[in-house]
There are 2 protein chains.
Amino acid sequence: MSAEAPAPLLTPDYVRSVWQTMAEHVRPTVLVGSDALDAEVGVEVTLACEMFQHGGSFKYRAAYNLLSSVPHELIVTASSGNFGQAAALAAGQLGKACSVVMPNTSSRVKIDAVRRQGAIVELVDTATTSRMERVQELMEAHPAAFYASAFDDTRVVAGNSTLGREIVDGVPELDVIVAPVGGGGLISGIVTARDVLRSSVAVLGAEPALGNDAARSLQSGSLVANEAEPGTIADGARTLSLGSVTWPIVRGGVEDIVEVPEAAIAEAVRLLFRFANVKAEPTGALALAALLVRPERFVGWRVCCVVSGGNVDEEIYAAILRNEM
Amino acid sequence: MSAEAPAPLLTPDYVRSVWQTMAEHVRPTVLVGSDALDAEVGVEVTLACEMFQHGGSFKYRAAYNLLSSVPHELIVTASSGNFGQAAALAAGQLGKACSVVMPNTSSRVKIDAVRRQGAIVELVDTATTSRMERVQELMEAHPAAFYASAFDDTRVVAGNSTLGREIVDGVPELDVIVAPVGGGGLISGIVTARDVLRSSVAVLGAEPALGNDAARSLQSGSLVANEAEPGTIADGARTLSLGSVTWPIVRGGVEDIVEVPEAAIAEAVRLLFRFANVKAEPTGALALAALLVRPERFVGWRVCCVVSGGNVDEEIYAAILRNEM
């Protein structure tokens with residue numbers, strides 16, 4: 001699909017050019033520290049908060065860079081929510097039309113937000129039809145459309161690298177950055193920025209144990225996939241596998257991927273609420289949850305946890321706060 | 001009480017000297033915008049977020065400035081929560097002991113947080129004993145202690161003026177700053193900074209209608225008090241009246257005070273959650289609530305709403321999200 005808009009290579013020159021052009025479009029990440037949170041988890045933590053980014057998650061960094069790089073007037077994408085919202089927002093700003101294929105299990109606030117941005121939502125029952133089957137149908141119906149991958153594109157990785165750059169430049173004496181892993185677009189962007197900046201900071205992933213394809217891939221050395229979309233509360237990580245762009249970057253640049261049980265994700269949402277006054281969506285709490293699951297891994301380290309987004313239904317959030325999830 | 005530590009006058013020189021010394025102690029406020037929130041309320045809003053301040057509210061600005069200005073080794077204060085937490089934190093940093101008189105209706109997280117900072121919590125049943133009666137008892141028992149007012153002290157106002165300065169300097173083309181009003185320490189700090197900086201921005205207050213003493217004072221031109229501590233969910237505004245320091249500043253510098261019904265406070269908490277990914281405590285949502293109550297007052301204006309803090313019990317917050325409050 002879309003052979004007419006070939007993606008650039010992730011050279012330092014290209015990455016730095018994206019940093020320059022994106023600077024005026026993205027909101028800087030908000031770096032938050034909390035002595036109370038540090039005391040609770042026993043580690044010195046900085047939170048890189050992306051819930052105040054346009055669209056409420058880091059995804060706008062990727063979406064704007066990708067959509068502004070192609071000439072197409074119609075964009076088709078598939079997303080459990082945040083990339084769809086970001087793509088819809090960027091498309092609107094760039095005067096493009098946008099269709100977003102979303103699982104019918106997607107968070108209601110995310111579906112509403114995509115529609116509010118003026119995009120068309122195509123709900124699919126992922127138990128019977130994969131997102132990509134529906135994308136394929138749409139692309140056949142609209143041959144002039146551009147298919148925007150939510151993660152597996154160098155322009156997505158370069159867009160996300162703007163966040164990695166802000167963290168590496170903005171947090172002094174950092175030992176490790178922990179980022180959530182779904183399709184790998186975010187963590188690949190962080191690895192890319194780290195390498196372009198020649199920083200020695202380690203990059204660790206945090207993945208729901210229910211959908212541990214990336215952890216298994218890294219352990220086995222070859223790309224493996226989940227059999228179906230995992231039913232994790234971390235709806236931003238309901239992906240089948242890493243992609244052909246992100247897998248080599250993850251394999252070459254990510255030190256380890258921590259598998260996080262659902263209970264730890266919910267607990268991390270509560271800790272962020274109580275001790276840091278941060279509203280995180282479950283996917284956004286994955287990185288902190290990795291510290292709860294493997295505390296011995298982080299002793300004595302200065303850690304930056306990426307809070308990737310904040311978009312979560314009131315009902316789900318209230319249930320987590322009340323220990324019902 | 002405490003005649004031995006006379007408070008300085010709020011001269012521009014004193015205020016500017018506080019700005020200089022406090023710069024290394026406070027965390028800069030986080031200025032957040034949200035297109036979705038703007039669309040929802042019909043006004044261009046910047047949120048000045050103090051929930052990431054030390055102690056989770058703006059009160060640290062006041063507490064640190066006040067406690068570092070006096071030589072006393074023992075601090076006694078009265079607070080429904082946030083000032084107590086901030087005073088306990090600042091006292092610990094400065095090597096001082098601290099006792100905090102709190103109503104037994106205070107938010108549990110606030111009581112826990114004060115204790116976690118190493119201070120002594122003195123709970124009072126405000127239906128039978130006023131906070132100040134208990135303070136008086138403590139001061140008689142400890143004549144060498146310093147009584148720290150949560151709002152009625154020029155050093156408190158000067159500490160809070162650091163926030164006003166950040167807003168005036170940081171938000172371009174601003175027409176009005178809206179701030180919650182309890183004892184008036186915060187809004188007096190904002191007025192003071194506005195005047196020292198010779199800015200023409202208007203300053204408006206937002207007060208719970210259940211405890212509308214400041215609004216009535218401003219309307220009548222003389223200081224009036226509530227008969228008892230108001231039972232508003234905005235627990236940071238459960239004060240009897242403005243004070244002798246804050247009332248003249250409010251009378252001279254605040255354009256208007258909007259009275260906010262309880263339902264609008266809860267709605268503003270929900271809007272901040274849904275459209276801005278901001279976790280605000282009810283008192284922190286008062287300023288946005290004022291826009292909901294009096295939308296016509298703000299049409300065409302660029303508004304900065306002060307989100308004064310984020311400390312709220314999980315149970316209360318979940319109930320607000322579920323429309324149970």
# chains A, B, ... in the order shown; residues from 1 in each chain; ligands from 1
call {"tool": "interface_residues", "arguments": {"of": "chain A", "to": "chain B", "cutoff": "6 Å", "atoms": "only C-alpha atoms", "output": "list of chain:residue names"}}
result
A:Asn277, A:Lys279, A:Gly310, A:Glu314, A:Ala318, A:Leu321
call {"tool": "select_by_dssp", "arguments": {"residues": "range 24-233 of chain A", "states": "helix (DSSP H, G or I)", "output": "ChimeraX atom specification"}}
result
/A:35-41,54-56,59-67,82-94,108-116,131-141,154-170,185-196,209-211,213-220
call {"tool": "write_last_selection", "arguments": {"atoms": "C-alpha atoms", "output": "JSON list (two decimals), in the first residue's frame"}}
result
[["chain", "number", "residue", "atom", "x", "y", "z"],
["A", 35, "ASP", "CA", 8.98, 12.89, 46.56],
["A", 36, "ALA", "CA", 5.94, 10.97, 47.80],
["A", 37, "LEU", "CA", 5.99, 8.69, 44.75],
["A", 38, "ASP", "CA", 9.75, 8.17, 45.09],
["A", 39, "ALA", "CA", 9.26, 7.14, 48.72],
["A", 40, "GLU", "CA", 6.47, 4.78, 47.73],
["A", 41, "VAL", "CA", 8.33, 2.95, 44.96],
["A", 54, "HIS", "CA", -2.46, 17.58, 21.65],
["A", 55, "GLY", "CA", -5.03, 14.77, 21.63],
["A", 56, "GLY", "CA", -4.06, 13.68, 25.14],
["A", 59, "LYS", "CA", 0.64, 9.88, 19.38],
["A", 60, "TYR", "CA", 0.23, 13.37, 17.95],
["A", 61, "ARG", "CA", 4.02, 13.55, 17.59],
["A", 62, "ALA", "CA", 3.89, 10.60, 15.20],
["A", 63, "ALA", "CA", 0.63, 11.44, 13.47],
["A", 64, "TYR", "CA", 1.47, 15.02, 12.61],
["A", 65, "ASN", "CA", 4.91, 14.14, 11.30],
["A", 66, "LEU", "CA", 3.55, 11.30, 9.19],
["A", 67, "LEU", "CA", 0.50, 13.05, 7.76],
["A", 82, "ASN", "CA", -5.02, 7.43, 20.66],
["A", 83, "PHE", "CA", -3.39, 7.24, 17.24],
["A", 84, "GLY", "CA", -6.81, 7.57, 15.66],
["A", 85, "GLN", "CA", -7.52, 10.68, 17.69],
["A", 86, "ALA", "CA", -4.11, 12.13, 16.88],
["A", 87, "ALA", "CA", -4.43, 11.31, 13.19],
["A", 88, "ALA", "CA", -7.90, 12.83, 13.07],
["A", 89, "LEU", "CA", -6.58, 15.98, 14.75],
["A", 90, "ALA", "CA", -3.53, 16.26, 12.48],
["A", 91, "ALA", "CA", -5.61, 15.53, 9.38],
["A", 92, "GLY", "CA", -8.02, 18.31, 10.30],
["A", 93, "GLN", "CA", -5.16, 20.75, 10.82],
["A", 94, "LEU", "CA", -3.66, 19.75, 7.46],
["A", 108, "ARG", "CA", -15.75, 5.35, 24.57],
["A", 109, "VAL", "CA", -13.90, 8.63, 25.19],
["A", 110, "LYS", "CA", -11.47, 7.71, 22.44],
["A", 111, "ILE", "CA", -14.22, 6.93, 19.93],
["A", 112, "ASP", "CA", -15.99, 10.18, 20.83],
["A", 113, "ALA", "CA", -12.77, 12.14, 20.51],
["A", 114, "VAL", "CA", -12.00, 10.79, 17.04],
["A", 115, "ARG", "CA", -15.48, 11.75, 15.88],
["A", 116, "ARG", "CA", -15.17, 15.18, 17.49],
["A", 131, "ARG", "CA", -8.50, -4.35, 11.84],
["A", 132, "MET", "CA", -6.24, -4.89, 8.86],
["A", 133, "GLU", "CA", -8.96, -6.72, 6.88],
["A", 134, "ARG", "CA", -11.19, -3.69, 7.25],
["A", 135, "VAL", "CA", -8.30, -1.38, 6.36],
["A", 136, "GLN", "CA", -7.71, -3.46, 3.22],
["A", 137, "GLU", "CA", -11.36, -3.08, 2.23],
["A", 138, "LEU", "CA", -11.22, 0.67, 2.71],
["A", 139, "MET", "CA", -8.00, 0.98, 0.72],
["A", 140, "GLU", "CA", -9.54, -0.99, -2.15],
["A", 141, "ALA", "CA", -12.56, 1.31, -2.10],
["A", 154, "THR", "CA", 10.00, 5.55, 10.00],
["A", 155, "ARG", "CA", 8.06, 8.85, 9.98],
["A", 156, "VAL", "CA", 6.13, 7.62, 13.02],
["A", 157, "VAL", "CA", 9.35, 6.63, 14.77],
["A", 158, "ALA", "CA", 10.95, 9.97, 13.89],
["A", 159, "GLY", "CA", 7.91, 11.84, 15.18],
["A", 160, "ASN", "CA", 8.07, 9.94, 18.46],
["A", 161, "SER", "CA", 11.80, 10.57, 18.69],
["A", 162, "THR", "CA", 10.95, 14.19, 19.54],
["A", 163, "LEU", "CA", 9.82, 12.87, 22.93],
["A", 164, "GLY", "CA", 13.02, 10.87, 23.42],
["A", 165, "ARG", "CA", 15.01, 13.94, 22.65],
["A", 166, "GLU", "CA", 13.11, 16.03, 25.21],
["A", 167, "ILE", "CA", 13.70, 13.39, 27.89],
["A", 168, "VAL", "CA", 17.41, 12.90, 27.17],
["A", 169, "ASP", "CA", 17.96, 16.66, 27.02],
["A", 170, "GLY", "CA", 15.65, 17.51, 29.91],
["A", 185, "GLY", "CA", 6.58, 2.98, 17.73],
["A", 186, "LEU", "CA", 7.12, 4.94, 20.93],
["A", 187, "ILE", "CA", 10.03, 2.96, 22.30],
["A", 188, "SER", "CA", 11.66, 2.91, 18.84],
["A", 189, "GLY", "CA", 11.44, 6.69, 18.79],
["A", 190, "ILE", "CA", 13.10, 6.89, 22.19],
["A", 191, "VAL", "CA", 15.89, 4.51, 21.15],
["A", 192, "THR", "CA", 16.38, 6.53, 17.96],
["A", 193, "ALA", "CA", 16.69, 9.81, 19.84],
["A", 194, "ARG", "CA", 19.02, 8.25, 22.39],
["A", 195, "ASP", "CA", 21.29, 7.00, 19.61],
["A", 196, "VAL", "CA", 21.23, 10.23, 17.60],
["A", 209, "ALA", "CA", 1.80, -9.80, 30.33],
["A", 210, "LEU", "CA", -1.49, -10.62, 28.57],
["A", 211, "GLY", "CA", 0.06, -9.53, 25.26],
["A", 213, "ASP", "CA", 4.73, -10.66, 22.09],
["A", 214, "ALA", "CA", 7.51, -8.07, 22.24],
["A", 215, "ALA", "CA", 9.03, -9.57, 25.39],
["A", 216, "ARG", "CA", 8.94, -13.02, 23.77],
["A", 217, "SER", "CA", 10.40, -11.62, 20.56],
["A", 218, "LEU", "CA", 13.29, -9.99, 22.41],
["A", 219, "GLN", "CA", 13.98, -13.17, 24.40],
["A", 220, "SER", "CA", 13.84, -15.48, 21.37]]
call {"tool": "closest_residue", "arguments": {"among": "B:Leu242, B:Leu123, B:Val293, B:Ala285", "to": "Pro261 in chain B", "atoms": "only C-alpha atoms"}}
result
B:Val293
call {"tool": "select_by_dssp", "arguments": {"residues": "range 54-194 of chain A", "states": "strand (DSSP E or B)", "output": "JSON, numbers by chain"}}
result
{"A": [57, 74, 75, 76, 77, 78, 97, 98, 99, 100, 101, 102, 103, 120, 121, 122, 123, 124, 146, 147, 148, 176, 177, 178, 179, 180]}
call {"tool": "residues_around", "arguments": {"residues": "Leu292 in chain B", "least_positions_apart": "2", "cutoff": "8 Å", "atoms": "only C-alpha atoms", "output": "VMD selection string"}}
result
chain B and resid 41 264 268 288 to 290 294 to 295
call {"tool": "write_last_selection", "arguments": {"atoms": "N, CA and C atoms", "output": "PDB file, in the first residue's frame"}}
result
ATOM      1  N   VAL B  41     -16.134  24.796  26.870  1.00  0.00           N
ATOM      2  CA  VAL B  41     -16.578  25.936  27.683  1.00  0.00           C
ATOM      3  C   VAL B  41     -16.749  27.210  26.853  1.00  0.00           C
ATOM      4  N   ALA B 264     -21.683  22.761  40.175  1.00  0.00           N
ATOM      5  CA  ALA B 264     -20.761  23.285  39.164  1.00  0.00           C
ATOM      6  C   ALA B 264     -19.317  22.931  39.508  1.00  0.00           C
ATOM      7  N   ALA B 268     -16.995  20.836  37.012  1.00  0.00           N
ATOM      8  CA  ALA B 268     -15.676  21.324  36.576  1.00  0.00           C
ATOM      9  C   ALA B 268     -14.591  20.271  36.820  1.00  0.00           C
ATOM     10  N   LEU B 288     -12.402  27.085  37.117  1.00  0.00           N
ATOM     11  CA  LEU B 288     -13.083  26.660  35.887  1.00  0.00           C
ATOM     12  C   LEU B 288     -14.595  26.672  36.090  1.00  0.00           C
ATOM     13  N   ALA B 289     -15.034  26.272  37.281  1.00  0.00           N
ATOM     14  CA  ALA B 289     -16.470  26.259  37.575  1.00  0.00           C
ATOM     15  C   ALA B 289     -17.075  27.659  37.433  1.00  0.00           C
ATOM     16  N   ALA B 290     -16.298  28.672  37.767  1.00  0.00           N
ATOM     17  CA  ALA B 290     -16.804  30.048  37.634  1.00  0.00           C
ATOM     18  C   ALA B 290     -17.147  30.364  36.176  1.00  0.00           C
ATOM     19  N   ARG B 294     -20.886  31.572  35.017  1.00  0.00           N
ATOM     20  CA  ARG B 294     -21.079  32.904  34.453  1.00  0.00           C
ATOM     21  C   ARG B 294     -20.402  33.016  33.097  1.00  0.00           C
ATOM     22  N   PRO B 295     -20.814  32.195  32.117  1.00  0.00           N
ATOM     23  CA  PRO B 295     -20.101  32.177  30.830  1.00  0.00           C
ATOM     24  C   PRO B 295     -20.080  33.549  30.151  1.00  0.00           C
TER      25      PRO B 295
END
call {"tool": "closest_residue", "arguments": {"among": "B:Val43, B:Ile265, B:Ile249, B:Ala237", "to": "Asp153 in chain B", "atoms": "only C-alpha atoms"}}
result
B:Ile249
call {"tool": "residues_around", "arguments": {"residues": "range 171-175 of chain B", "least_positions_apart": "6", "cutoff": "7 Å", "atoms": "only C-alpha atoms", "output": "NGL selection string"}}
result
:B and (201-202 or 301-303)
call {"tool": "atom_distance", "arguments": {"atom1": "CA of Leu223 in chain A", "atom2": "CA of Trp247 in chain A"}}
result
7.0 Å
call {"tool": "closest_residue", "arguments": {"among": "A:Thr46, A:Ser241, A:Ser17, A:Ser79", "to": "Val176 in chain A", "atoms": "only C-alpha atoms"}}
result
A:Thr46
call {"tool": "decode", "arguments": {"residues": "range 261-287 of chain B", "atoms": "N, CA, C and O atoms", "output": "mmCIF file, in the first residue's frame"}}
result
data_model
loop_
_atom_site.group_PDB
_atom_site.id
_atom_site.type_symbol
_atom_site.label_atom_id
_atom_site.label_comp_id
_atom_site.auth_asym_id
_atom_site.auth_seq_id
_atom_site.Cartn_x
_atom_site.Cartn_y
_atom_site.Cartn_z
ATOM 1 N N PRO B 261 -22.062 27.168 42.788
ATOM 2 C CA PRO B 261 -22.811 26.080 43.440
ATOM 3 C C PRO B 261 -22.006 24.783 43.441
ATOM 4 O O PRO B 261 -21.128 24.580 42.593
ATOM 5 N N GLU B 262 -22.328 23.918 44.375
ATOM 6 C CA GLU B 262 -21.593 22.653 44.509
ATOM 7 C C GLU B 262 -21.617 21.824 43.216
ATOM 8 O O GLU B 262 -20.615 21.215 42.840
ATOM 9 N N ALA B 263 -22.764 21.804 42.538
ATOM 10 C CA ALA B 263 -22.878 20.981 41.325
ATOM 11 C C ALA B 263 -21.908 21.454 40.246
ATOM 12 O O ALA B 263 -21.365 20.649 39.484
ATOM 13 N N ALA B 264 -21.683 22.761 40.175
ATOM 14 C CA ALA B 264 -20.761 23.285 39.164
ATOM 15 C C ALA B 264 -19.317 22.931 39.508
ATOM 16 O O ALA B 264 -18.487 22.719 38.615
ATOM 17 N N ILE B 265 -19.005 22.866 40.804
ATOM 18 C CA ILE B 265 -17.650 22.452 41.200
ATOM 19 C C ILE B 265 -17.405 21.022 40.731
ATOM 20 O O ILE B 265 -16.373 20.717 40.125
ATOM 21 N N ALA B 266 -18.359 20.137 40.993
ATOM 22 C CA ALA B 266 -18.207 18.734 40.578
ATOM 23 C C ALA B 266 -18.121 18.623 39.055
ATOM 24 O O ALA B 266 -17.303 17.863 38.520
ATOM 25 N N GLU B 267 -18.951 19.396 38.362
ATOM 26 C CA GLU B 267 -18.917 19.366 36.895
ATOM 27 C C GLU B 267 -17.548 19.830 36.379
ATOM 28 O O GLU B 267 -17.011 19.261 35.419
ATOM 29 N N ALA B 268 -16.995 20.836 37.012
ATOM 30 C CA ALA B 268 -15.676 21.324 36.576
ATOM 31 C C ALA B 268 -14.591 20.271 36.820
ATOM 32 O O ALA B 268 -13.672 20.122 36.005
ATOM 33 N N VAL B 269 -14.701 19.526 37.915
ATOM 34 C CA VAL B 269 -13.747 18.427 38.156
ATOM 35 C C VAL B 269 -13.834 17.423 36.998
ATOM 36 O O VAL B 269 -12.813 16.968 36.472
ATOM 37 N N ARG B 270 -15.086 17.111 36.591
ATOM 38 C CA ARG B 270 -15.274 16.156 35.487
ATOM 39 C C ARG B 270 -14.751 16.712 34.162
ATOM 40 O O ARG B 270 -14.137 15.989 33.373
ATOM 41 N N LEU B 271 -14.988 17.985 33.883
ATOM 42 C CA LEU B 271 -14.503 18.566 32.618
ATOM 43 C C LEU B 271 -12.979 18.575 32.575
ATOM 44 O O LEU B 271 -12.376 18.304 31.529
ATOM 45 N N LEU B 272 -12.354 18.888 33.699
ATOM 46 C CA LEU B 272 -10.886 18.876 33.737
ATOM 47 C C LEU B 272 -10.365 17.466 33.494
ATOM 48 O O LEU B 272 -9.354 17.274 32.814
ATOM 49 N N PHE B 273 -11.047 16.483 34.048
ATOM 50 C CA PHE B 273 -10.677 15.080 33.829
ATOM 51 C C PHE B 273 -10.842 14.715 32.357
ATOM 52 O O PHE B 273 -9.926 14.194 31.717
ATOM 53 N N ARG B 274 -12.008 15.002 31.812
ATOM 54 C CA ARG B 274 -12.336 14.504 30.482
ATOM 55 C C ARG B 274 -11.626 15.259 29.366
ATOM 56 O O ARG B 274 -11.151 14.646 28.406
ATOM 57 N N PHE B 275 -11.581 16.561 29.460
ATOM 58 C CA PHE B 275 -11.110 17.350 28.324
ATOM 59 C C PHE B 275 -9.693 17.899 28.477
ATOM 60 O O PHE B 275 -9.137 18.435 27.529
ATOM 61 N N ALA B 276 -9.127 17.798 29.677
ATOM 62 C CA ALA B 276 -7.766 18.329 29.849
ATOM 63 C C ALA B 276 -6.828 17.330 30.515
ATOM 64 O O ALA B 276 -5.653 17.634 30.712
ATOM 65 N N ASN B 277 -7.329 16.138 30.850
ATOM 66 C CA ASN B 277 -6.506 15.132 31.532
ATOM 67 C C ASN B 277 -5.867 15.663 32.803
ATOM 68 O O ASN B 277 -4.757 15.267 33.172
ATOM 69 N N VAL B 278 -6.575 16.566 33.464
ATOM 70 C CA VAL B 278 -6.092 17.170 34.700
ATOM 71 C C VAL B 278 -6.846 16.580 35.892
ATOM 72 O O VAL B 278 -8.079 16.578 35.911
ATOM 73 N N LYS B 279 -6.099 16.080 36.864
ATOM 74 C CA LYS B 279 -6.685 15.643 38.129
ATOM 75 C C LYS B 279 -6.687 16.827 39.090
ATOM 76 O O LYS B 279 -5.643 17.231 39.592
ATOM 77 N N ALA B 280 -7.845 17.399 39.303
ATOM 78 C CA ALA B 280 -7.966 18.527 40.229
ATOM 79 C C ALA B 280 -8.752 18.105 41.452
ATOM 80 O O ALA B 280 -9.684 17.307 41.358
ATOM 81 N N GLU B 281 -8.393 18.636 42.604
ATOM 82 C CA GLU B 281 -9.268 18.506 43.768
ATOM 83 C C GLU B 281 -10.412 19.504 43.584
ATOM 84 O O GLU B 281 -10.320 20.428 42.762
ATOM 85 N N PRO B 282 -11.527 19.330 44.300
ATOM 86 C CA PRO B 282 -12.667 20.237 44.089
ATOM 87 C C PRO B 282 -12.296 21.722 44.197
ATOM 88 O O PRO B 282 -12.686 22.520 43.332
ATOM 89 N N THR B 283 -11.499 22.083 45.196
ATOM 90 C CA THR B 283 -11.091 23.485 45.317
ATOM 91 C C THR B 283 -10.316 23.925 44.074
ATOM 92 O O THR B 283 -10.438 25.068 43.628
ATOM 93 N N GLY B 284 -9.546 23.005 43.505
ATOM 94 C CA GLY B 284 -8.758 23.314 42.317
ATOM 95 C C GLY B 284 -9.600 23.501 41.073
ATOM 96 O O GLY B 284 -9.120 24.027 40.068
ATOM 97 N N ALA B 285 -10.852 23.052 41.119
ATOM 98 C CA ALA B 285 -11.752 23.191 39.969
ATOM 99 C C ALA B 285 -12.650 24.423 40.080
ATOM 100 O O ALA B 285 -13.420 24.712 39.158
ATOM 101 N N LEU B 286 -12.549 25.145 41.195
ATOM 102 C CA LEU B 286 -13.435 26.299 41.412
ATOM 103 C C LEU B 286 -13.325 27.337 40.298
ATOM 104 O O LEU B 286 -14.335 27.887 39.842
ATOM 105 N N ALA B 287 -12.110 27.622 39.868
ATOM 106 C CA ALA B 287 -11.934 28.689 38.883
ATOM 107 C C ALA B 287 -12.595 28.315 37.561
ATOM 108 O O ALA B 287 -13.299 29.140 36.956
#
